[in-house]
>>> print(open('model05.tsv').read())   # TSV, C-alpha atoms
chain	number	residue	atom	x	y	z
A	1085	MET	CA	-4.29	21.85	-50.55
A	1086	THR	CA	-0.61	22.63	-50.06
A	1087	ASN	CA	0.48	25.75	-48.22
A	1088	GLU	CA	1.31	27.44	-51.55
A	1089	ASP	CA	-2.13	26.69	-53.00
A	1090	LEU	CA	-3.77	27.91	-49.80
A	1091	LYS	CA	-1.77	31.10	-49.96
A	1092	ILE	CA	-2.93	31.79	-53.54
A	1093	THR	CA	-6.57	31.07	-52.69
A	1094	ILE	CA	-6.50	33.27	-49.60
A	1095	ALA	CA	-4.69	36.10	-51.40
A	1096	GLU	CA	-7.63	36.13	-53.81
A	1097	ILE	CA	-10.29	36.59	-51.14
A	1098	LEU	CA	-8.13	38.86	-48.98
A	1099	PRO	CA	-5.69	40.83	-51.17
A	1100	ASP	CA	-4.03	42.76	-48.32
A	1101	ALA	CA	-3.37	39.75	-46.08
A	1102	VAL	CA	0.05	39.69	-44.41
A	1103	PHE	CA	1.67	36.27	-44.42
A	1104	GLU	CA	4.37	35.03	-42.05
A	1105	GLU	CA	7.22	32.91	-43.36
A	1106	GLY	CA	8.99	29.91	-41.95
A	1107	ALA	CA	6.20	28.16	-40.08
A	1108	GLU	CA	4.87	24.65	-40.59
A	1109	TRP	CA	1.39	25.97	-41.30
A	1110	LEU	CA	0.34	28.90	-43.42
A	1111	THR	CA	0.18	31.87	-41.06
A	1112	LEU	CA	-1.40	35.24	-41.74
A	1113	SER	CA	-2.50	38.33	-39.87
A	1114	VAL	CA	-5.78	40.12	-40.38
A	1115	GLU	CA	-7.27	43.24	-38.86
A	1116	PRO	CA	-9.85	42.53	-36.11
A	1117	THR	CA	-12.41	44.63	-38.01
A	1118	ILE	CA	-12.48	42.32	-41.02
A	1119	PHE	CA	-11.71	39.12	-39.08
A	1120	LYS	CA	-15.32	37.99	-38.77
A	1121	SER	CA	-16.16	38.15	-42.47
A	1122	PHE	CA	-12.84	36.48	-43.31
A	1123	ALA	CA	-13.55	33.67	-40.86
A	1124	GLN	CA	-16.98	33.21	-42.40
A	1125	GLN	CA	-15.36	32.78	-45.81
A	1126	LEU	CA	-12.83	30.25	-44.50
A	1127	ARG	CA	-15.70	28.05	-43.52
A	1128	SER	CA	-18.10	28.66	-46.41
A	1129	ILE	CA	-15.78	28.53	-49.45
A	1130	SER	CA	-16.05	24.91	-50.51
A	1131	SER	CA	-12.45	24.52	-51.70
A	1132	LEU	CA	-11.21	25.66	-48.27
A	1133	ASN	CA	-13.87	24.11	-46.03
A	1134	PHE	CA	-12.18	24.90	-42.69
A	1135	ASP	CA	-14.73	23.07	-40.57
A	1136	PHE	CA	-12.69	22.66	-37.40
A	1137	LEU	CA	-11.31	25.35	-35.08
A	1138	PHE	CA	-8.86	23.30	-33.04
A	1139	CYS	CA	-7.10	26.03	-31.09
A	1140	LEU	CA	-8.04	29.50	-30.01
A	1141	THR	CA	-5.71	31.42	-27.78
A	1142	CYS	CA	-4.41	34.84	-26.87
A	1143	VAL	CA	-0.85	36.12	-26.38
A	1144	ASP	CA	0.06	39.09	-24.20
A	1145	TRP	CA	2.97	40.95	-25.85
A	1146	LYS	CA	2.81	43.73	-23.20
A	1147	THR	CA	2.33	46.32	-25.99
A	1148	HIS	CA	-0.66	44.54	-27.52
A	1149	PHE	CA	-2.60	41.28	-27.53
A	1150	THR	CA	-2.56	38.80	-30.37
A	1151	MET	CA	-5.47	36.44	-30.91
A	1152	VAL	CA	-4.34	33.19	-32.56
A	1153	TYR	CA	-6.79	30.88	-34.30
A	1154	HIS	CA	-5.88	27.48	-35.72
A	1155	PHE	CA	-8.28	26.16	-38.35
A	1156	THR	CA	-8.18	22.81	-40.11
A	1157	SER	CA	-10.29	21.03	-42.65
A	1158	THR	CA	-11.33	17.51	-41.81
A	1159	THR	CA	-12.00	16.79	-45.51
A	1160	TYR	CA	-8.85	18.28	-47.08
A	1161	ARG	CA	-6.56	18.01	-44.05
A	1162	HIS	CA	-5.04	21.42	-44.57
A	1163	THR	CA	-4.42	23.81	-41.72
A	1164	ILE	CA	-4.15	27.55	-41.37
A	1165	VAL	CA	-3.17	29.92	-38.57
A	1166	VAL	CA	-4.89	33.30	-38.38
A	1167	LYS	CA	-3.61	36.02	-36.08
A	1168	SER	CA	-5.20	39.28	-35.17
A	1169	LYS	CA	-3.62	42.15	-33.24
A	1170	LEU	CA	-5.78	43.72	-30.52
A	1171	ASP	CA	-5.53	46.97	-28.61
A	1172	ARG	CA	-4.35	46.10	-25.11
A	1173	ASN	CA	-6.40	48.80	-23.42
A	1174	ASN	CA	-9.61	47.77	-25.12
A	1175	PRO	CA	-9.24	44.22	-26.45
A	1176	GLU	CA	-12.27	43.48	-28.60
A	1177	ILE	CA	-12.96	41.10	-31.45
A	1178	GLU	CA	-16.06	39.59	-33.02
A	1179	THR	CA	-17.02	36.14	-31.78
A	1180	VAL	CA	-16.73	33.16	-34.10
A	1181	SER	CA	-18.87	30.95	-31.86
A	1182	ASP	CA	-21.70	31.14	-34.40
A	1183	ILE	CA	-19.39	29.70	-37.08
A	1184	TRP	CA	-17.54	27.14	-34.95
A	1185	ARG	CA	-19.53	26.17	-31.88
A	1186	THR	CA	-16.37	25.08	-30.06
A	1187	ALA	CA	-15.30	28.72	-29.91
A	1188	GLU	CA	-17.99	29.34	-27.32
A	1189	PHE	CA	-15.90	27.79	-24.53
A	1190	HIS	CA	-12.54	28.80	-25.99
A	1191	GLU	CA	-13.58	32.41	-26.08
A	1192	ARG	CA	-14.88	32.21	-22.54
A	1193	GLU	CA	-11.46	30.94	-21.52
A	1194	ALA	CA	-9.66	33.78	-23.32
A	1195	TYR	CA	-12.07	36.21	-21.70
A	1196	ASP	CA	-11.54	34.66	-18.29
A	1197	LEU	CA	-7.74	34.76	-18.36
A	1198	PHE	CA	-6.96	37.73	-20.63
A	1199	GLY	CA	-10.09	39.87	-20.51
A	1200	VAL	CA	-10.60	39.84	-24.26
A	1201	LYS	CA	-14.14	40.94	-25.06
A	1202	PHE	CA	-15.81	38.86	-27.75
A	1203	ILE	CA	-18.54	40.92	-29.36
A	1204	ASN	CA	-21.87	39.10	-29.77
A	1205	HIS	CA	-20.74	36.08	-27.75
A	1206	PRO	CA	-23.92	34.39	-26.42
A	1207	ASP	CA	-22.66	33.76	-22.87
A	1208	LEU	CA	-19.46	35.66	-22.11
A	1209	ARG	CA	-18.64	35.00	-18.45
A	1210	ARG	CA	-15.82	33.44	-16.45
A	1211	LEU	CA	-14.97	29.79	-17.06
A	1212	PHE	CA	-12.19	28.64	-14.71
A	1213	MET	CA	-12.04	31.45	-12.19
A	1214	THR	CA	-14.83	32.15	-9.74
A	1215	ASP	CA	-17.55	34.52	-10.90
A	1216	ASP	CA	-16.49	37.18	-8.40
A	1217	TRP	CA	-12.81	37.08	-9.40
A	1218	VAL	CA	-11.23	40.46	-10.07
A	1219	GLY	CA	-8.54	40.80	-12.75
A	1220	TRP	CA	-7.20	38.78	-15.67
A	1221	PRO	CA	-4.64	36.25	-14.37
A	1222	LEU	CA	-2.67	35.52	-17.55
A	1223	ARG	CA	-1.93	39.15	-18.33
A	1224	LYS	CA	1.76	39.92	-17.86
A	1225	ASP	CA	1.03	42.79	-15.46
A	1226	TYR	CA	-1.34	40.77	-13.28
A	1227	GLU	CA	-0.87	41.20	-9.53
A	1228	ASP	CA	-2.47	39.15	-6.76
A	1229	ALA	CA	-1.33	40.04	-3.26
A	1230	VAL	CA	-3.25	37.15	-1.65
A	1231	ASN	CA	-2.30	34.12	-3.72
A	1232	MET	CA	0.91	35.15	-5.41
A	1233	ILE	CA	4.45	35.05	-4.02
A	1234	LYS	CA	6.43	37.43	-6.20
A	1235	LEU	CA	9.97	36.62	-7.26
B	810	MET	CA	23.55	-18.60	22.10
B	811	ASN	CA	19.98	-19.68	21.56
B	812	GLN	CA	17.37	-18.51	19.07
B	813	GLN	CA	15.87	-15.79	21.28
B	814	THR	CA	18.91	-13.60	21.62
B	815	VAL	CA	18.94	-12.98	17.87
B	816	ILE	CA	16.00	-10.60	18.36
B	817	ASP	CA	17.16	-7.34	19.82
B	818	ASN	CA	14.83	-6.62	22.69
B	819	ASP	CA	15.30	-2.85	22.42
B	820	LEU	CA	13.88	-2.91	18.93
B	821	LEU	CA	10.71	-4.48	20.18
B	822	LYS	CA	9.79	-1.71	22.55
B	823	SER	CA	6.77	0.26	21.49
B	824	PRO	CA	6.97	3.98	20.71
B	825	LEU	CA	4.76	4.52	23.73
B	826	SER	CA	7.60	3.31	25.90
B	827	GLY	CA	9.90	5.86	24.34
B	828	ARG	CA	11.84	3.84	21.82
B	829	ASP	CA	14.78	5.44	20.09
B	830	LEU	CA	14.21	5.99	16.37
B	831	GLU	CA	17.86	5.77	15.47
B	832	GLY	CA	18.98	2.59	13.81
B	833	ALA	CA	15.51	1.10	14.00
B	834	TRP	CA	14.50	1.61	10.40
B	835	GLU	CA	14.05	-2.08	9.71
B	836	VAL	CA	11.14	-3.02	11.89
B	837	PRO	CA	10.82	-6.75	12.52
B	838	PHE	CA	7.65	-8.54	13.46
B	839	PRO	CA	6.79	-7.34	16.96
B	840	GLY	CA	7.20	-9.97	19.63
B	841	GLU	CA	9.46	-12.50	21.23
B	842	VAL	CA	9.60	-16.19	20.64
B	843	HIS	CA	9.03	-18.07	23.87
B	844	PRO	CA	10.28	-21.60	23.35
B	845	THR	CA	8.18	-24.41	24.66
B	846	ALA	CA	8.27	-28.11	24.17
B	847	GLY	CA	7.23	-29.00	20.63
B	848	GLY	CA	7.67	-25.51	19.13
B	849	GLY	CA	7.22	-22.12	20.68
B	850	ILE	CA	4.83	-19.24	21.22
B	851	VAL	CA	5.16	-15.60	20.24
B	852	ILE	CA	4.55	-13.07	22.96
B	853	SER	CA	3.62	-9.66	21.68
B	854	LYS	CA	1.41	-6.61	22.21
B	855	LEU	CA	-1.93	-6.50	20.45
B	856	ASP	CA	-1.45	-2.85	19.43
B	857	GLU	CA	1.81	-3.63	17.72
B	858	VAL	CA	0.42	-6.67	15.94
B	859	ILE	CA	-2.46	-4.52	14.71
B	860	ASN	CA	0.00	-1.90	13.44
B	861	TRP	CA	1.99	-4.63	11.74
B	862	ALA	CA	-1.14	-5.97	10.07
B	863	ARG	CA	-2.32	-2.53	8.99
B	864	SER	CA	1.04	-1.63	7.53
B	865	ASN	CA	0.93	-4.66	5.29
B	866	SER	CA	-2.49	-4.05	3.78
B	867	LEU	CA	-2.45	-0.46	2.63
B	868	TRP	CA	-5.15	0.37	0.10
B	869	PRO	CA	-4.24	3.45	-1.89
B	870	LEU	CA	-6.83	5.81	-3.29
B	871	ILE	CA	-6.70	6.37	-7.04
B	872	PHE	CA	-5.92	10.07	-7.02
B	873	GLY	CA	-3.68	11.97	-9.39
B	874	THR	CA	-3.76	15.57	-10.52
B	875	SER	CA	-0.79	15.82	-12.88
B	876	CYS	CA	2.38	14.20	-14.20
B	877	CYS	CA	3.26	12.51	-10.88
B	878	ALA	CA	0.19	10.38	-11.50
B	879	ILE	CA	1.90	9.00	-14.62
B	880	GLU	CA	4.81	7.86	-12.46
B	881	MET	CA	2.35	6.45	-9.93
B	882	MET	CA	0.63	4.45	-12.70
B	883	SER	CA	4.03	3.23	-13.81
B	884	THR	CA	4.79	2.16	-10.25
B	885	ALA	CA	1.53	0.23	-10.18
B	886	ALA	CA	2.13	-1.40	-13.55
B	887	ALA	CA	4.11	-4.54	-14.36
B	888	LYS	CA	7.65	-3.13	-14.43
B	889	TYR	CA	7.77	-1.68	-10.92
B	890	ASP	CA	4.74	-3.56	-9.63
B	891	TRP	CA	3.97	-2.10	-6.21
B	892	SER	CA	1.89	-5.16	-5.35
B	893	ARG	CA	5.24	-6.76	-4.45
B	894	PHE	CA	5.05	-4.62	-1.32
B	895	GLY	CA	1.33	-4.99	-0.71
B	896	PHE	CA	-0.27	-1.93	-2.30
B	897	GLU	CA	-2.08	-3.49	-5.22
B	898	VAL	CA	-5.63	-2.91	-3.98
B	899	ALA	CA	-6.00	0.62	-5.36
B	900	ARG	CA	-9.51	1.90	-4.74
B	901	ALA	CA	-11.57	4.38	-6.72
B	902	THR	CA	-13.53	5.47	-3.66
B	903	PRO	CA	-12.19	7.10	-0.49
B	904	ARG	CA	-14.58	5.00	1.62
B	905	GLN	CA	-12.50	1.92	0.89
B	906	ALA	CA	-9.02	3.47	0.83
B	907	ASP	CA	-6.68	4.19	3.71
B	908	VAL	CA	-3.72	5.87	2.06
B	909	ILE	CA	-3.93	8.80	-0.32
B	910	ILE	CA	-0.95	9.54	-2.56
B	911	ILE	CA	-1.18	13.18	-3.55
B	912	ALA	CA	0.28	12.74	-7.02
B	913	GLY	CA	0.38	16.19	-8.53
B	914	THR	CA	-0.30	19.88	-8.23
B	915	ILE	CA	-3.10	20.98	-5.93
B	916	VAL	CA	-4.78	24.15	-7.14
B	917	ASN	CA	-7.11	26.34	-5.10
B	918	LYS	CA	-10.12	24.83	-6.83
B	919	MET	CA	-8.96	21.28	-6.07
B	920	ALA	CA	-8.17	21.99	-2.41
B	921	PRO	CA	-11.74	21.55	-1.07
B	922	VAL	CA	-12.09	18.35	-3.13
B	923	LEU	CA	-8.89	16.94	-1.64
B	924	LYS	CA	-10.08	17.87	1.85
B	925	ARG	CA	-13.40	16.15	1.27
B	926	LEU	CA	-11.75	13.01	-0.06
B	927	TYR	CA	-9.48	12.89	2.98
B	928	ASP	CA	-12.44	13.40	5.33
B	929	GLN	CA	-14.36	10.60	3.63
B	930	MET	CA	-11.57	8.08	4.13
B	931	ALA	CA	-12.04	5.74	7.07
B	932	ASP	CA	-9.65	5.90	10.02
B	933	PRO	CA	-6.82	5.09	10.27
B	934	LYS	CA	-5.67	6.97	7.19
B	935	TYR	CA	-2.30	8.02	5.87
B	936	VAL	CA	-1.06	10.61	3.39
B	937	ILE	CA	1.93	10.62	1.05
B	938	ALA	CA	2.83	13.89	-0.68
B	939	MET	CA	4.40	12.85	-3.95
B	940	GLY	CA	6.73	15.27	-5.70
B	941	ALA	CA	7.59	18.95	-5.54
B	942	CYS	CA	4.07	20.30	-6.17
B	943	ALA	CA	2.41	18.34	-3.39
B	944	THR	CA	5.30	19.11	-1.04
B	945	SER	CA	5.62	22.87	-1.54
B	946	GLY	CA	4.03	23.98	-4.78
B	947	GLY	CA	7.38	23.21	-6.44
B	948	PRO	CA	7.79	24.91	-9.81
B	949	PHE	CA	4.59	26.82	-9.15
B	950	PHE	CA	5.73	28.36	-5.88
B	951	TYR	CA	6.44	31.82	-7.31
B	952	ASN	CA	4.27	34.06	-9.48
B	953	THR	CA	1.20	31.91	-9.61
B	954	TYR	CA	-2.35	32.78	-8.72
B	955	SER	CA	-3.85	29.31	-8.57
B	956	VAL	CA	-1.55	26.78	-6.87
B	957	VAL	CA	-1.63	25.71	-3.22
B	958	LYS	CA	1.94	25.91	-1.87
B	959	GLY	CA	2.05	22.42	-0.43
B	960	ALA	CA	-0.74	19.94	0.21
B	961	ASP	CA	0.04	20.06	3.94
B	962	HIS	CA	-1.84	23.36	4.00
B	963	ILE	CA	-4.98	21.25	3.55
B	964	ILE	CA	-4.40	17.81	5.07
B	965	PRO	CA	-1.66	16.38	7.33
B	966	VAL	CA	1.10	14.57	5.43
B	967	ASP	CA	3.06	11.58	6.73
B	968	VAL	CA	5.69	11.05	4.04
B	969	TYR	CA	7.09	13.54	1.52
B	970	ILE	CA	8.85	12.53	-1.69
B	971	ALA	CA	11.26	14.85	-3.48
B	972	GLY	CA	11.44	14.92	-7.26
B	973	CYS	CA	9.67	16.42	-10.22
B	974	PRO	CA	8.29	13.90	-10.80
B	975	PRO	CA	9.89	11.32	-8.48
B	976	ARG	CA	10.99	8.07	-10.03
B	977	PRO	CA	8.94	4.94	-9.25
B	978	GLU	CA	11.71	3.73	-6.94
B	979	ALA	CA	11.25	6.88	-4.87
B	980	LEU	CA	7.53	6.24	-4.56
B	981	LEU	CA	8.19	2.64	-3.54
B	982	HIS	CA	10.69	3.89	-0.98
B	983	ALA	CA	8.12	6.33	0.37
B	984	MET	CA	5.48	3.65	0.68
B	985	ILE	CA	7.88	1.30	2.45
B	986	THR	CA	8.82	4.22	4.72
B	987	LEU	CA	5.12	4.71	5.45
B	988	GLN	CA	4.87	1.03	6.37
B	989	GLU	CA	7.76	1.45	8.79
B	990	LYS	CA	6.13	4.52	10.31
B	991	ILE	CA	2.87	2.67	10.81
B	992	LYS	CA	4.68	-0.27	12.42
B	993	MET	CA	6.37	2.12	14.82
B	994	GLY	CA	3.19	4.05	15.50
B	995	TYR	CA	4.65	7.32	14.23
B	996	THR	CA	2.13	8.42	11.62
B	997	ARG	CA	0.21	11.61	12.36
B	998	GLU	CA	-3.01	9.68	12.77
B	999	GLN	CA	-1.46	7.31	15.31
B	1000	ILE	CA	0.23	10.10	17.27
B	1001	LYS	CA	-3.10	11.97	17.41
B	1002	MET	CA	-4.89	8.90	18.80
B	1003	GLN	CA	-2.37	8.22	21.57
B	1004	PRO	CA	-3.25	9.21	25.10
B	1005	PRO	CA	-0.87	11.82	26.56
B	1006	SER	CA	2.01	10.14	28.33
B	1007	PRO	CA	3.01	11.22	31.85
B	1008	GLU	CA	6.51	12.23	30.69
B	1009	GLY	CA	5.10	14.51	28.04
B	1010	ALA	CA	6.98	12.80	25.21
B	1011	PHE	CA	4.70	11.42	22.52
>>> encode(input="model05.tsv", output="structure tokens")
Amino acid sequence: MTNEDLKITIAEILPDAVFEEGAEWLTLSVEPTIFKSFAQQLRSISSLNFDFLFCLTCVDWKTHFTMVYHFTSTTYRHTIVVKSKLDRNNPEIETVSDIWRTAEFHEREAYDLFGVKFINHPDLRRLFMTDDWVGWPLRKDYEDAVNMIKL
Amino acid sequence: MNQQTVIDNDLLKSPLSGRDLEGAWEVPFPGEVHPTAGGGIVISKLDEVINWARSNSLWPLIFGTSCCAIEMMSTAAAKYDWSRFGFEVARATPRQADVIIIAGTIVNKMAPVLKRLYDQMADPKYVIAMGACATSGGPFFYNTYSVVKGADHIIPVDVYIAGCPPRPEALLHAMITLQEKIKMGYTREQIKMQPPSPEGAF
């Protein structure tokens, strides 16, 4: 499917979706509350068939967090980017690890470095940092008096 | 002028006898030719011959943690071909290696691994810190929570290479420099092994 066709199909299942312009891939933002059901549809609707989550990451904008998901279909070879804005003081979003198994580790990474809480994740604990680590290193306001030399 | 006088006798003094470093960067084979009928014999010190031999059979450990490793692989490959200088026997186990090239960033999690690898290498062993990260943390010196600010916080380093990453020529230069250091007995390992001299120097 081309980006235009994808846009039409997605506008049907999610009428109030906000699309971004000017990117290589079709990019849209959804509310974290409806993200899970939308993600489920991306995978289950046979004409979309997004069977591969190839990137899951988080961005700290200082005022809020943005979760960014890249989905692709290995049968149709079309790709979509889904963003979701999170509250910085209480970053929470439903897990998609039951839809795409790969998200299990990706979400652990986002939790480890940004402190995003993935609701219903089967095993949400630190991945790279030690289990007793305090703080979320990739947050913009992160401070570490022991390891960090501030400039 | 006969053949012998070509060899500068000062250059042949061992570091133990307090040789001056200056101008001695090209280290010849240690020893003097003593002419006899029908040829000649070389008179030398066993220690220096051993150093000469060791310097010419350095076995590097295959160790790379980031982009410097790509340059190291390039140095090993056909175009730069470090086997021209006697380094081709790269080993995948520290038990069989005697020089470790720290090619890349060392993070806090990697630090104990690097220490263990170094400890597992057989004596005598030598260390080259390749590039800015291994030298000082480089681009990761400021505002990072995970990077060790220089591999010499963990293991002693003999030769440092500048660059990010250094070009293959720089790595070759560093390895040749290491050979010179070994020949002169100036690597950290060799200095550590030397008995204290009465003068206090070296």
>>> atom_distance(input="model05.tsv", atom1="atom CA of Tyr995 of chain B", atom2="atom CA of Thr902 of chain B")
25.6 Å
>>> interface_residues(input="model05.tsv", of="chain B", to="chain A", cutoff="9 Å", atoms="only C-alpha atoms", output="PDB file with C-alpha atoms, in the frame of the given file")
ATOM      1  CA  LYS B 918     -10.120  24.830  -6.830  1.00  0.00           C
ATOM      2  CA  PHE B 950       5.730  28.360  -5.880  1.00  0.00           C
ATOM      3  CA  TYR B 951       6.440  31.820  -7.310  1.00  0.00           C
ATOM      4  CA  ASN B 952       4.270  34.060  -9.480  1.00  0.00           C
ATOM      5  CA  THR B 953       1.200  31.910  -9.610  1.00  0.00           C
ATOM      6  CA  TYR B 954      -2.350  32.780  -8.720  1.00  0.00           C
ATOM      7  CA  SER B 955      -3.850  29.310  -8.570  1.00  0.00           C
ATOM      8  CA  VAL B 956      -1.550  26.780  -6.870  1.00  0.00           C
ATOM      9  CA  VAL B 957      -1.630  25.710  -3.220  1.00  0.00           C
TER      10      VAL B 957
END
>>> residues_around(input="model05.tsv", residues="segment 1118-1134 of chain A", least_positions_apart="6", cutoff="10 Å", atoms="all atoms listed in the file", output="number ranges by chain")
A: 1085, 1090, 1093-1094, 1097-1098, 1153-1164, 1166-1168, 1177-1180, 1182-1184
>>> residues_around(input="model05.tsv", residues="segment 1143-1151 of chain A", least_positions_apart="4", cutoff="10 Å", atoms="only C-alpha atoms", output="list in words")
Ser1113, Pro1116, Val1166, Lys1167, Ser1168, Lys1169, Leu1170, Asp1171, Arg1172, Asn1173, Asn1174, Pro1175, Glu1176, Ile1177, Ala1194, Phe1198, Val1200, Leu1222, Arg1223, Lys1224 and Asp1225 of chain A
>>> write_last_selection(input="model05.tsv", atoms="C-alpha atoms", output="CSV table (one decimal), in the frame of the given file")
chain,number,residue,atom,x,y,z
A,1113,SER,CA,-2.5,38.3,-39.9
A,1116,PRO,CA,-9.8,42.5,-36.1
A,1166,VAL,CA,-4.9,33.3,-38.4
A,1167,LYS,CA,-3.6,36.0,-36.1
A,1168,SER,CA,-5.2,39.3,-35.2
A,1169,LYS,CA,-3.6,42.2,-33.2
A,1170,LEU,CA,-5.8,43.7,-30.5
A,1171,ASP,CA,-5.5,47.0,-28.6
A,1172,ARG,CA,-4.4,46.1,-25.1
A,1173,ASN,CA,-6.4,48.8,-23.4
A,1174,ASN,CA,-9.6,47.8,-25.1
A,1175,PRO,CA,-9.2,44.2,-26.4
A,1176,GLU,CA,-12.3,43.5,-28.6
A,1177,ILE,CA,-13.0,41.1,-31.4
A,1194,ALA,CA,-9.7,33.8,-23.3
A,1198,PHE,CA,-7.0,37.7,-20.6
A,1200,VAL,CA,-10.6,39.8,-24.3
A,1222,LEU,CA,-2.7,35.5,-17.6
A,1223,ARG,CA,-1.9,39.2,-18.3
A,1224,LYS,CA,1.8,39.9,-17.9
A,1225,ASP,CA,1.0,42.8,-15.5
>>> residues_around(input="model05.tsv", residues="Asp967 of chain B", least_positions_apart="6", cutoff="9 Å", atoms="all atoms listed in the file", output="list in words")
Tyr935, Val936, Ile937, Ala938, Leu987, Lys990, Tyr995, Thr996, Arg997 and Glu998 of chain B
>>> atom_distance(input="model05.tsv", atom1="atom CA of Pro933 of chain B", atom2="atom CA of Gln999 of chain B")
7.7 Å
>>> atom_distance(input="model05.tsv", atom1="atom CA of Pro1099 of chain A", atom2="atom CA of His1205 of chain A")
28.2 Å
>>> residues_near_point(input="model05.tsv", point="(5.6, 23.4, -2.6)", cutoff="10 Å", atoms="all atoms listed in the file", output="ChimeraX atom specification")
/B:914-915,940-951,956-962
>>> residues_around(input="model05.tsv", residues="Gln988 of chain B", least_positions_apart="2", cutoff="12 Å", atoms="all atoms listed in the file", output="MDAnalysis selection string")
chainID B and resid 834:837 860:868 894:896 908 935:937 967:968 981:986 990:996
>>> closest_residue(input="model05.tsv", among="A:Trp1217, A:Leu1211, A:Thr1086, A:His1190", to="Trp1109 of chain A", atoms="only C-alpha atoms")
A:Thr1086
>>> closest_residue(input="model05.tsv", among="B:Val858, B:Ile879, B:Ala887, B:Met930", to="Asp907 of chain B", atoms="all atoms listed in the file")
B:Met930
>>> closest_residue(input="model05.tsv", among="B:Ala920, B:Ile850, B:Ala899, B:Cys876", to="Pro974 of chain B", atoms="only C-alpha atoms")
B:Cys876
>>> residues_near_point(input="model05.tsv", point="(6.2, -10.5, 17.2)", cutoff="8 Å", atoms="only C-alpha atoms", output="ChimeraX atom specification")
/B:837-842,851-854,858
